[in-house]
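Colleague: This is upload18.txt (compact mmCIF, C-alpha atoms and all ligand atoms).
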# COMPACT_ATOMS: atom_id res chain seq x y z
CA MET A 4 28.26 9.55 54.04
CA ASN A 5 28.10 11.62 50.85
CA SER A 6 25.14 11.33 48.50
CA GLU A 7 27.06 9.30 45.93
CA THR A 8 28.07 6.65 48.44
CA GLN A 9 24.53 6.61 49.73
CA SER A 10 22.94 6.19 46.31
CA ASN A 11 25.28 3.33 45.45
CA ASP A 12 24.75 1.43 48.70
CA PRO A 13 23.30 -1.89 47.45
CA GLU A 14 21.82 -2.95 50.78
CA ALA A 15 19.73 0.21 50.96
CA LYS A 16 18.27 -0.46 47.51
CA GLY A 17 16.71 -3.89 47.93
CA THR A 18 14.76 -4.35 44.71
CA ILE A 19 17.23 -2.77 42.33
CA TYR A 20 20.08 -4.62 43.98
CA ARG A 21 18.28 -7.95 43.50
CA ILE A 22 17.54 -7.12 39.87
CA ILE A 23 21.17 -6.23 39.12
CA GLU A 24 22.35 -9.27 41.07
CA LEU A 25 20.46 -11.47 38.59
CA ALA A 26 20.89 -9.38 35.44
CA ARG A 27 24.68 -9.27 35.70
CA TRP A 28 24.62 -12.95 34.62
CA ALA A 29 23.70 -11.89 31.09
CA PRO A 30 26.29 -13.11 28.55
CA SER A 31 28.76 -10.82 26.79
CA GLY A 32 31.46 -11.46 24.18
CA ASP A 33 34.57 -12.76 25.98
CA ASN A 34 32.84 -11.96 29.30
CA THR A 35 33.66 -8.28 28.89
CA GLN A 36 30.46 -7.10 30.68
CA PRO A 37 30.25 -3.77 28.83
CA TRP A 38 27.99 -2.20 31.46
CA ARG A 39 28.12 -0.45 34.80
CA PHE A 40 25.20 0.56 36.99
CA GLU A 41 24.36 3.74 38.83
CA ILE A 42 21.47 3.56 41.24
CA ILE A 43 19.53 6.84 41.21
CA ASP A 44 16.74 6.17 43.69
CA GLU A 45 14.49 3.33 44.78
CA VAL A 46 12.83 2.97 41.40
CA SER A 47 15.41 4.01 38.86
CA PHE A 48 18.95 3.28 37.83
CA ASN A 49 21.23 4.13 34.93
CA ILE A 50 22.99 1.53 32.84
CA HIS A 51 26.26 2.93 31.49
CA THR A 52 27.09 0.92 28.39
CA SER A 53 30.37 0.70 26.50
CA ASP A 54 31.91 -1.41 23.77
CA THR A 55 35.23 -3.02 23.03
CA ARG A 56 35.73 -2.06 19.37
CA ASP A 57 39.00 -0.23 20.06
CA TRP A 58 40.82 -3.40 21.15
CA CYS A 59 38.66 -6.35 20.13
CA VAL A 60 38.55 -7.47 16.49
CA TYR A 61 35.34 -9.39 17.28
CA ASP A 62 33.44 -6.20 18.12
CA LEU A 63 32.99 -4.62 14.67
CA ASP A 64 31.27 -1.22 15.17
CA GLY A 65 30.58 -2.29 18.77
CA ASN A 66 27.81 -4.58 17.50
CA ALA A 67 28.73 -7.63 19.58
CA SER A 68 28.64 -5.40 22.67
CA LYS A 69 25.24 -4.05 21.61
CA ILE A 70 23.90 -7.61 21.34
CA ALA A 71 25.23 -8.25 24.86
CA VAL A 72 23.56 -5.06 26.14
CA GLY A 73 20.30 -6.26 24.56
CA ALA A 74 20.69 -9.53 26.47
CA LEU A 75 21.26 -7.53 29.65
CA LEU A 76 18.11 -5.45 29.12
CA GLU A 77 16.05 -8.60 28.56
CA THR A 78 17.48 -10.13 31.72
CA ILE A 79 16.70 -6.97 33.69
CA GLU A 80 13.13 -7.19 32.47
CA ILE A 81 12.76 -10.83 33.48
CA ALA A 82 14.36 -10.12 36.87
CA ALA A 83 12.10 -7.08 37.39
CA ASN A 84 8.98 -9.10 36.52
CA ASN A 85 10.07 -11.54 39.20
CA GLU A 86 9.78 -8.62 41.64
CA LYS A 87 6.27 -7.83 40.33
CA MET A 88 7.69 -4.78 38.56
CA ARG A 89 7.61 -3.55 35.00
CA VAL A 90 10.61 -1.70 33.64
CA ASP A 91 10.74 1.19 31.16
CA PHE A 92 14.00 1.93 29.38
CA CYS A 93 14.90 5.42 28.24
CA TYR A 94 17.80 5.55 25.78
CA GLN A 95 20.14 8.51 26.22
CA GLY A 96 23.17 7.68 24.06
CA THR A 97 25.43 5.27 25.88
CA VAL A 98 23.34 5.62 29.05
CA ILE A 99 20.08 3.73 29.38
CA LYS A 100 17.83 4.76 32.22
CA ALA A 101 15.70 1.99 33.74
CA THR A 102 12.60 2.96 35.70
CA LEU A 103 10.57 0.43 37.66
CA ARG A 104 6.85 0.50 38.34
CA SER A 105 4.79 -1.96 40.35
CA ASP A 106 2.35 -4.28 38.63
CA HIS A 107 0.98 -6.94 40.92
CA GLY A 108 -0.87 -8.60 38.07
CA ILE A 109 2.31 -9.35 36.15
CA GLU A 110 3.08 -12.96 35.32
CA ILE A 111 6.44 -14.24 36.44
CA ASN A 112 8.55 -15.46 33.53
CA ASN A 113 9.73 -18.98 34.29
CA LEU A 114 13.01 -18.24 32.46
CA VAL A 115 14.07 -16.40 35.63
CA SER A 116 15.27 -19.69 37.09
CA SER A 117 17.68 -20.18 34.16
CA ILE A 118 19.40 -16.79 34.36
CA LYS A 119 22.27 -18.04 36.53
CA THR A 120 22.52 -21.54 35.09
CA ARG A 121 22.64 -20.40 31.43
CA CYS A 122 26.23 -20.68 30.31
CA THR A 123 28.59 -21.48 27.46
CA GLN A 124 29.71 -25.08 26.87
CA ARG A 125 32.58 -25.22 24.34
CA ARG A 126 33.14 -28.99 24.45
CA PRO A 127 31.34 -31.56 22.24
CA PHE A 128 27.70 -32.43 22.98
CA GLU A 129 25.76 -35.56 22.03
CA LYS A 130 24.56 -35.91 18.46
CA THR A 131 20.93 -36.58 19.48
CA ALA A 132 18.58 -34.41 17.41
CA LEU A 133 16.31 -31.82 18.99
CA THR A 134 12.74 -32.99 19.55
CA PRO A 135 9.93 -31.14 17.75
CA THR A 136 8.82 -29.75 21.15
CA GLN A 137 12.31 -28.39 21.87
CA LYS A 138 12.54 -26.79 18.44
CA GLU A 139 9.13 -25.24 18.77
CA ALA A 140 9.95 -23.77 22.19
CA LEU A 141 13.19 -22.30 20.84
CA GLU A 142 11.50 -20.89 17.74
CA GLN A 143 8.74 -19.31 19.80
CA SER A 144 11.19 -17.79 22.29
CA VAL A 145 12.56 -15.27 19.79
CA GLY A 146 9.15 -13.83 18.84
CA ASP A 147 7.61 -12.94 15.49
CA SER A 148 10.30 -10.50 14.38
CA TYR A 149 12.93 -13.22 14.07
CA ARG A 150 13.29 -16.51 12.30
CA ILE A 151 15.62 -19.40 13.01
CA LEU A 152 17.72 -21.07 10.34
CA TRP A 153 18.49 -24.62 11.49
CA PHE A 154 21.43 -26.72 10.31
CA GLU A 155 20.65 -30.28 11.35
CA GLY A 156 21.45 -33.76 10.14
CA LYS A 157 24.83 -35.22 9.27
CA ALA A 158 25.41 -33.44 5.95
CA LEU A 159 24.51 -29.92 7.07
CA LYS A 160 26.38 -30.23 10.37
CA TRP A 161 29.39 -31.38 8.38
CA SER A 162 29.12 -28.32 6.11
CA ILE A 163 29.09 -26.03 9.15
CA ALA A 164 31.93 -28.00 10.76
CA LYS A 165 34.11 -27.50 7.66
CA LEU A 166 33.23 -23.82 7.57
CA LEU A 167 34.13 -23.38 11.25
CA PHE A 168 37.33 -25.39 10.84
CA LYS A 169 38.52 -23.09 8.05
CA ASN A 170 37.25 -20.01 9.82
CA ALA A 171 39.40 -20.95 12.82
CA GLU A 172 42.43 -20.57 10.58
CA VAL A 173 41.52 -16.92 10.14
CA ARG A 174 41.03 -16.58 13.92
CA LEU A 175 44.31 -18.25 14.80
CA THR A 176 46.59 -16.67 12.23
CA ILE A 177 45.82 -13.00 12.60
CA ARG A 178 47.71 -10.92 15.08
CA GLU A 179 44.60 -8.81 15.78
CA ALA A 180 42.82 -11.86 17.25
CA TYR A 181 45.95 -13.02 19.09
CA GLU A 182 46.03 -9.67 20.92
CA VAL A 183 42.45 -10.30 22.05
CA HIS A 184 42.96 -13.94 23.06
CA LYS A 185 46.00 -12.92 25.12
CA GLN A 186 43.86 -10.53 27.13
CA ILE A 187 40.72 -12.52 27.65
CA ILE A 188 42.01 -15.89 28.89
CA GLU A 189 42.61 -16.38 32.61
CA TRP A 190 45.22 -19.11 33.10
CA ASP A 191 45.03 -21.91 35.68
CA ALA A 192 41.44 -21.05 36.33
CA ARG A 193 38.14 -22.89 36.58
CA PHE A 194 36.17 -19.67 37.11
CA SER A 195 36.90 -16.12 36.03
CA GLU A 196 35.12 -12.93 37.02
CA THR A 197 36.22 -10.83 34.08
CA LYS A 198 37.63 -13.25 31.48
CA ILE A 199 37.25 -16.79 30.15
CA PRO A 200 38.97 -19.35 32.38
CA ASP A 201 41.42 -21.51 30.39
CA GLN A 202 39.56 -24.63 31.52
CA ALA A 203 36.40 -23.40 29.78
CA VAL A 204 38.09 -22.81 26.43
CA GLY A 205 37.54 -26.42 25.33
CA LEU A 206 41.12 -27.69 24.85
CA ASP A 207 42.69 -30.78 26.42
CA ILE A 208 45.48 -30.29 28.97
CA VAL A 209 48.37 -30.85 26.56
CA SER A 210 47.05 -28.43 23.94
CA LEU A 211 46.28 -25.91 26.64
CA LYS A 212 49.87 -26.06 27.89
CA LEU A 213 51.19 -25.59 24.37
CA MET A 214 48.83 -22.70 23.77
CA ARG A 215 49.92 -21.04 27.00
CA TRP A 216 53.56 -21.39 26.01
CA ALA A 217 52.90 -19.99 22.54
CA MET A 218 50.71 -17.13 23.63
CA THR A 219 53.44 -15.32 25.51
CA SER A 220 54.50 -13.79 22.19
CA TRP A 221 53.20 -13.40 18.63
CA SER A 222 56.51 -14.69 17.24
CA ARG A 223 56.02 -17.96 19.16
CA VAL A 224 52.51 -18.33 17.72
CA GLN A 225 53.86 -17.71 14.23
CA TRP A 226 56.68 -20.23 14.74
CA LEU A 227 54.26 -22.86 16.01
CA ASN A 228 51.89 -22.22 13.12
CA LYS A 229 54.68 -22.42 10.56
CA TYR A 230 56.68 -25.43 11.75
CA LEU A 231 54.32 -27.51 13.86
CA SER A 232 50.93 -26.87 12.21
CA GLY A 233 50.05 -25.07 15.41
CA THR A 234 46.50 -24.30 14.36
CA LEU A 235 45.59 -27.92 13.67
CA MET A 236 44.90 -29.25 17.18
CA PRO A 237 42.95 -26.20 18.35
CA ARG A 238 40.92 -26.18 15.14
CA VAL A 239 40.05 -29.86 15.58
CA GLN A 240 39.27 -29.53 19.29
CA LEU A 241 37.60 -26.13 19.32
CA ASP A 242 35.80 -26.16 15.99
CA LEU A 243 35.60 -29.41 14.03
CA MET A 244 34.70 -31.83 16.84
CA PRO A 245 32.21 -29.61 18.66
CA ALA A 246 30.57 -28.65 15.36
CA ARG A 247 29.97 -32.29 14.46
CA ASN A 248 28.91 -33.19 17.98
CA CYS A 249 25.73 -31.28 18.65
CA ALA A 250 22.03 -31.50 17.86
CA ALA A 251 21.99 -28.51 15.53
CA HIS A 252 23.58 -25.24 14.54
CA PHE A 253 21.32 -22.23 14.27
CA ILE A 254 21.31 -18.66 13.05
CA ILE A 255 18.84 -16.14 14.46
CA VAL A 256 17.77 -13.82 11.65
CA ALA A 257 16.09 -10.44 12.20
CA LYS A 258 13.23 -10.21 9.69
CA ASP A 259 13.48 -6.40 9.57
CA GLY A 260 17.26 -6.24 9.50
CA LEU A 261 19.79 -4.72 11.88
CA LYS A 262 19.74 -1.11 10.85
CA SER A 263 20.00 0.69 14.18
CA GLU A 264 21.47 0.41 17.64
CA GLN A 265 18.00 -0.45 18.94
CA ALA A 266 17.74 -3.26 16.40
CA TYR A 267 20.91 -4.80 17.87
CA TYR A 268 19.50 -4.43 21.39
CA ARG A 269 16.28 -6.14 20.32
CA GLY A 270 18.30 -8.86 18.58
CA GLY A 271 20.33 -9.38 21.75
CA ALA A 272 17.12 -9.65 23.76
CA ALA A 273 15.79 -12.31 21.37
CA MET A 274 19.11 -14.15 21.56
CA GLN A 275 18.94 -14.16 25.36
CA ARG A 276 15.38 -15.54 25.35
CA PHE A 277 16.57 -18.27 22.97
CA TRP A 278 19.61 -19.08 25.17
CA LEU A 279 17.58 -19.04 28.41
CA THR A 280 14.96 -21.26 26.80
CA SER A 281 17.64 -23.71 25.74
CA ALA A 282 18.95 -23.74 29.34
CA ASP A 283 15.40 -24.21 30.60
CA LEU A 284 15.10 -27.23 28.27
CA GLY A 285 18.29 -28.67 29.78
CA LEU A 286 20.28 -28.15 26.56
CA GLN A 287 23.89 -27.04 26.19
CA PHE A 288 24.75 -24.02 24.08
CA GLN A 289 27.74 -22.40 22.40
CA PRO A 290 27.78 -19.20 20.35
CA GLU A 291 29.68 -19.46 17.05
CA MET A 292 29.91 -15.82 16.14
CA THR A 293 33.25 -15.42 14.42
CA PRO A 294 32.17 -16.57 10.91
CA ILE A 295 29.42 -13.93 10.97
CA ILE A 296 31.78 -11.27 12.31
CA PHE A 297 34.49 -11.86 9.69
CA SER A 298 31.82 -12.03 7.00
CA ASN A 299 30.45 -8.66 8.16
CA TYR A 300 33.94 -7.15 7.79
CA ILE A 301 34.12 -8.53 4.25
CA ASN A 302 30.63 -7.32 3.31
CA LYS A 303 31.30 -3.84 4.68
CA GLY A 304 34.70 -3.70 3.01
CA VAL A 305 36.45 -2.99 6.32
CA LYS A 306 40.02 -4.26 6.61
CA PHE A 307 40.36 -6.23 9.86
CA THR A 308 43.90 -7.58 9.59
CA ASP A 309 47.26 -7.05 7.93
CA ASN A 310 47.32 -10.73 6.98
CA SER A 311 46.22 -10.74 3.32
CA ASN A 312 45.89 -14.55 3.18
CA ALA A 313 43.45 -14.41 6.07
CA ILE A 314 41.40 -11.77 4.26
CA LEU A 315 41.22 -13.96 1.15
CA LEU A 316 40.14 -16.94 3.22
CA ALA A 317 37.55 -14.84 5.07
CA LYS A 318 36.14 -13.76 1.73
CA GLU A 319 35.81 -17.36 0.55
CA LEU A 320 34.12 -18.31 3.84
CA SER A 321 31.80 -15.34 3.70
CA ASP A 322 30.57 -16.58 0.30
CA GLN A 323 30.08 -20.07 1.73
CA LEU A 324 28.13 -18.69 4.67
CA THR A 325 25.92 -16.73 2.27
CA GLU A 326 25.31 -19.88 0.28
CA LEU A 327 24.20 -21.66 3.44
CA THR A 328 22.05 -18.87 4.82
CA GLY A 329 20.69 -17.27 1.64
CA THR A 330 21.41 -13.77 0.40
CA ASP A 331 18.37 -12.25 2.12
CA ALA A 332 19.88 -13.08 5.51
CA ILE A 333 23.29 -11.46 4.96
CA GLU A 334 22.68 -8.20 6.78
CA ASN A 335 20.19 -9.66 9.21
CA ARG A 336 22.19 -12.34 10.98
CA VAL A 337 21.94 -11.65 14.70
CA PHE A 338 23.51 -14.71 16.25
CA MET A 339 24.97 -18.08 15.31
CA GLY A 340 25.62 -21.03 17.57
CA ARG A 341 25.00 -24.66 18.34
CA VAL A 342 22.75 -26.47 20.82
CA GLY A 343 22.36 -30.00 22.05
CA VAL A 344 22.12 -32.47 24.86
CA GLY A 345 25.27 -32.70 26.92
CA LYS A 346 27.10 -32.30 30.17
CA SER A 347 27.20 -28.90 31.84
CA PRO A 348 30.64 -27.33 31.71
CA TRP A 349 33.02 -27.96 34.58
CA ALA A 350 34.53 -24.50 34.21
CA ARG A 351 32.83 -21.22 33.34
CA SER A 352 33.05 -17.45 33.39
CA ILE A 353 31.44 -15.88 36.40
CA ARG A 354 30.83 -12.15 36.90
CA LEU A 355 31.99 -9.05 38.69
CA SER A 356 30.11 -8.57 41.96
CA VAL A 357 27.28 -6.03 42.08
CA ALA A 358 29.50 -3.80 44.21
CA ASN A 359 32.17 -3.84 41.50
CA LEU A 360 29.61 -3.17 38.78
CA LEU A 361 28.32 -0.05 40.48
CA LYS A 362 29.74 3.08 38.93
CA ARG A 363 31.95 4.98 41.30
C1 LIG B 401 27.64 -11.31 21.43
C2 LIG B 401 28.33 -12.55 21.95
C3 LIG B 401 29.24 -13.24 21.15
C4 LIG B 401 29.86 -14.40 21.62
N1 LIG B 401 30.69 -15.10 20.78
C5 LIG B 401 31.21 -16.27 21.19
C6 LIG B 401 31.92 -17.11 20.28
O1 LIG B 401 32.08 -16.79 19.10
N2 LIG B 401 32.43 -18.28 20.74
C7 LIG B 401 32.24 -18.69 22.05
O2 LIG B 401 32.72 -19.76 22.40
N3 LIG B 401 31.55 -17.92 22.92
C8 LIG B 401 31.02 -16.74 22.53
N4 LIG B 401 30.26 -16.00 23.39
C9 LIG B 401 30.07 -16.47 24.76
C10 LIG B 401 30.81 -15.61 25.78
O3 LIG B 401 32.20 -15.83 25.72
C11 LIG B 401 30.25 -15.94 27.16
O4 LIG B 401 28.88 -15.64 27.18
C12 LIG B 401 30.92 -15.18 28.28
O5 LIG B 401 32.27 -15.55 28.38
C13 LIG B 401 30.24 -15.48 29.61
O6 LIG B 401 30.24 -16.84 29.88
P1 LIG B 401 28.91 -17.66 30.15
O7 LIG B 401 28.07 -17.59 28.89
O8 LIG B 401 29.38 -19.07 30.41
O9 LIG B 401 28.21 -17.05 31.32
C14 LIG B 401 29.61 -14.85 22.94
C15 LIG B 401 28.68 -14.16 23.74
C16 LIG B 401 28.03 -13.04 23.26
C17 LIG B 401 27.02 -12.33 24.12
Would you give me this structure, written as structure tokens?
Modeller:
Amino acid sequence: MNSETQSNDPEAKGTIYRIIELARWAPSGDNTQPWRFEIIDEVSFNIHTSDTRDWCVYDLDGNASKIAVGALLETIEIAANNEKMRVDFCYQGTVIKATLRSDHGIEINNLVSSIKTRCTQRRPFEKTALTPTQKEALEQSVGDSYRILWFEGKALKWSIAKLLFKNAEVRLTIREAYEVHKQIIEWDARFSETKIPDQAVGLDIVSLKLMRWAMTSWSRVQWLNKYLSGTLMPRVQLDLMPARNCAAHFIIVAKDGLKSEQAYYRGGAAMQRFWLTSADLGLQFQPEMTPIIFSNYINKGVKFTDNSNAILLAKELSDQLTELTGTDAIENRVFMGRVGVGKSPWARSIRLSVANLLKR
């Protein structure tokens, strides 16, 4: 056995294996899992990070991937604490070295039990409002460096629903997003290791069939959009209805801004604590990141599509989002989504096995 095979043998590395086994359940945009692991010895491993900016319009400057990596680091920490270990991270460009050290006095974080059950539910929830206790737990989970903007009550939820409904037109009429959707949906699937299974997308069977037919080519999508108002049903089912049917929408805002890679990692860690806490409270959760992403393109003056109508619409929506969130939050918006009481999803993304996540 050569040394590389030996160092990547999961069975021989009990603690690190168990930590990665849990941490791999961290969420990532479109389930892209922009990380691979390299076990160095019994107490240290490297996390090789990457991003999807070269093919994914939703990963402006790799920031969505950085948020996901932040969620991964937080999950590693919670999983390590469960092993009575502390973890130090050393940042070396795209490689992050994790080193474990024993601490028998460490308190186990009860969020550990929600790491695997935390997931994305894209279908409507109940309209029941969050209780003050639930809101307080969620607000506390992110820590002092973040604040939560809540959008609750009929009128505000309706404002967000309209915003998301229009925003979906941008998403569904630009070729750049079509190229992404084509790659990240696994058809005829309830579970998917590397993508989003079609059954977790949130469409009914008829719309799903139509979408599958259309998505074989961009010209079919354009034809459907032009002659059959092809964006209408998905926008109602994926955006309008879910946005109205939830307890609240939220935006996590970084008080000190998002000025560095580390700031995105920290934001991702806060987001993961928030999401795990919502799972721990028995709530359902869906990220709603695309309005923020398109707005960031507009604010940075970066062209994200050849479709000039979509750019105009994105600009209008960016202004609306700013009106809702306040100008001070523009550059500090870490994560947007919705929460509420509801059924767990029947279908979900799963993950690559630890063996497949080990760098070869
Ligand atoms: C940075 C980031 C952005 C995301 N954006 C969206 C989004 O806009 N809409 C959505 O439905 N899911 C979004 N997701 C959820 C991912 O698609 C999901 O976490 C991934 O497919 C894994 O599935 P799971 O959360 O059910 O484990 C996002 C997740 C992350 C980490």
Colleague: Place a sphere of radius 9 Å on (39.4, -6.9, 32.1) in the file coordinates and name every protein, DNA or RNA residue with an atom inside or on its surface, counting only C-alpha atoms; give the answer as a PyMOL selection string.
Modeller: chain A and resi 34-35+186-187+196-198
Colleague: Generate the output file for the selected residues, C-alpha atoms, as a PDB file, in the frame of the given file.
Modeller:
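Saved as part-v3.pdb:
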ATOM      1  CA  ASN A  34      32.840 -11.960  29.300  1.00  0.00           C
ATOM      2  CA  THR A  35      33.660  -8.280  28.890  1.00  0.00           C
ATOM      3  CA  GLN A 186      43.860 -10.530  27.130  1.00  0.00           C
ATOM      4  CA  ILE A 187      40.720 -12.520  27.650  1.00  0.00           C
ATOM      5  CA  GLU A 196      35.120 -12.930  37.020  1.00  0.00           C
ATOM      6  CA  THR A 197      36.220 -10.830  34.080  1.00  0.00           C
ATOM      7  CA  LYS A 198      37.630 -13.250  31.480  1.00  0.00           C
TER       8      LYS A 198
END
Colleague: Determine the nearest neighbour of ligand LIG 401 (chain B) from the options A:Leu166, A:Ala273, A:Val209, A:Ala350, counting only C-alpha atoms and all ligand atoms.
Modeller: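 Among the listed residues, the smallest separation from ligand LIG 401 (chain B) belongs to A:Ala350.
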Colleague: Please report, as JSON, the centre and edge lengths in Å to one decimal of an axis-aligned box covering all listed atoms of region 242-253 of chain A with 6 Å per side.
Modeller:
{"center_x": 28.6, "center_y": -27.7, "center_z": 16.3, "size_x": 26.5, "size_y": 23.0, "size_z": 16.6}
Colleague: Neighbourhood query: residues within 12 Å of (34.7, -19.3, 35.3), file coordinates, counting all atoms listed in the file; return as a PyMOL selection string.
Modeller: chain A and resi 28+33-34+122-124+187-204+348-355
Colleague: With all atoms listed in the file as the basis for distance, which of A:Gln225, A:Ser232, A:Asn302, A:Ser117 is at the shortest distance from Ser321 (chain A)?
Modeller: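 Counting all atoms listed in the file, the residue closest to Ser321 (chain A) is A:Asn302.
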Colleague: When you look at Trp58 (chain A) with a cut-off of 10 Å (counting all atoms listed in the file), what residues show up, excluding the ones that are within fewer than 5 positions of it in the same chain? I need them as a JSON list (two decimals) with C-alpha atoms, keeping the file's coordinate frame.
Modeller:
[["chain", "number", "residue", "atom", "x", "y", "z"],
["A", 179, "GLU", "CA", 44.60, -8.81, 15.78],
["A", 180, "ALA", "CA", 42.82, -11.86, 17.25],
["A", 182, "GLU", "CA", 46.03, -9.67, 20.92],
["A", 183, "VAL", "CA", 42.45, -10.30, 22.05],
["A", 186, "GLN", "CA", 43.86, -10.53, 27.13]]
Colleague: Nearest to Ala246 (chain A) among A:Leu75, A:Ala164, A:Val90, A:Ile109, with distances taken over only C-alpha atoms: which residue is it?
Modeller: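 Smallest separation from Ala246 (chain A) among the options: A:Ala164.
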Colleague: Compile the contact shell of Gly65 (chain A) as a PyMOL selection string: residues with an atom at most 7 Å away, counting only C-alpha atoms, same-chain residues fewer than 3 positions apart removed.
Modeller: chain A and resi 54-56+62+68-69
Colleague: Looking at only C-alpha atoms, which of A:Gln323, A:Ser281, A:Asn112, A:Ser144 is the one that sits closest to Glu86 (chain A)?
Modeller: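 Using only C-alpha atoms, Glu86 (chain A) sits closest to A:Asn112.
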Colleague: Just want the 8 Å neighbourhood of Thr219 (chain A), counted on only C-alpha atoms, with same-chain residues fewer than 4 positions away dropped. Output as an NGL selection string.
Modeller: :A and (185 or 215 or 223)
Colleague: Report the distance between CA of Asp106 (chain A) and CA of Ile81 (chain A) in Å, rounded to one decimal place.
Modeller: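 Separating CA of Asp106 (chain A) from CA of Ile81 (chain A) is a distance of 13.3 Å.
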Colleague: Which residue gives the smallest distance to Leu243 (chain A) among A:Arg276, A:Lys303, A:Lys169, A:Lys229, with all atoms listed in the file counted?
Modeller: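 Once distances to Leu243 (chain A) are computed over all atoms listed in the file, the minimum belongs to A:Lys169.
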Colleague: Which one is closest to Leu206 (chain A): A:Thr325, A:Gln275, A:Gln240, A:Asn170? Count only C-alpha atoms.
Modeller: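 Among the listed residues, A:Gln240 lies closest to Leu206 (chain A).
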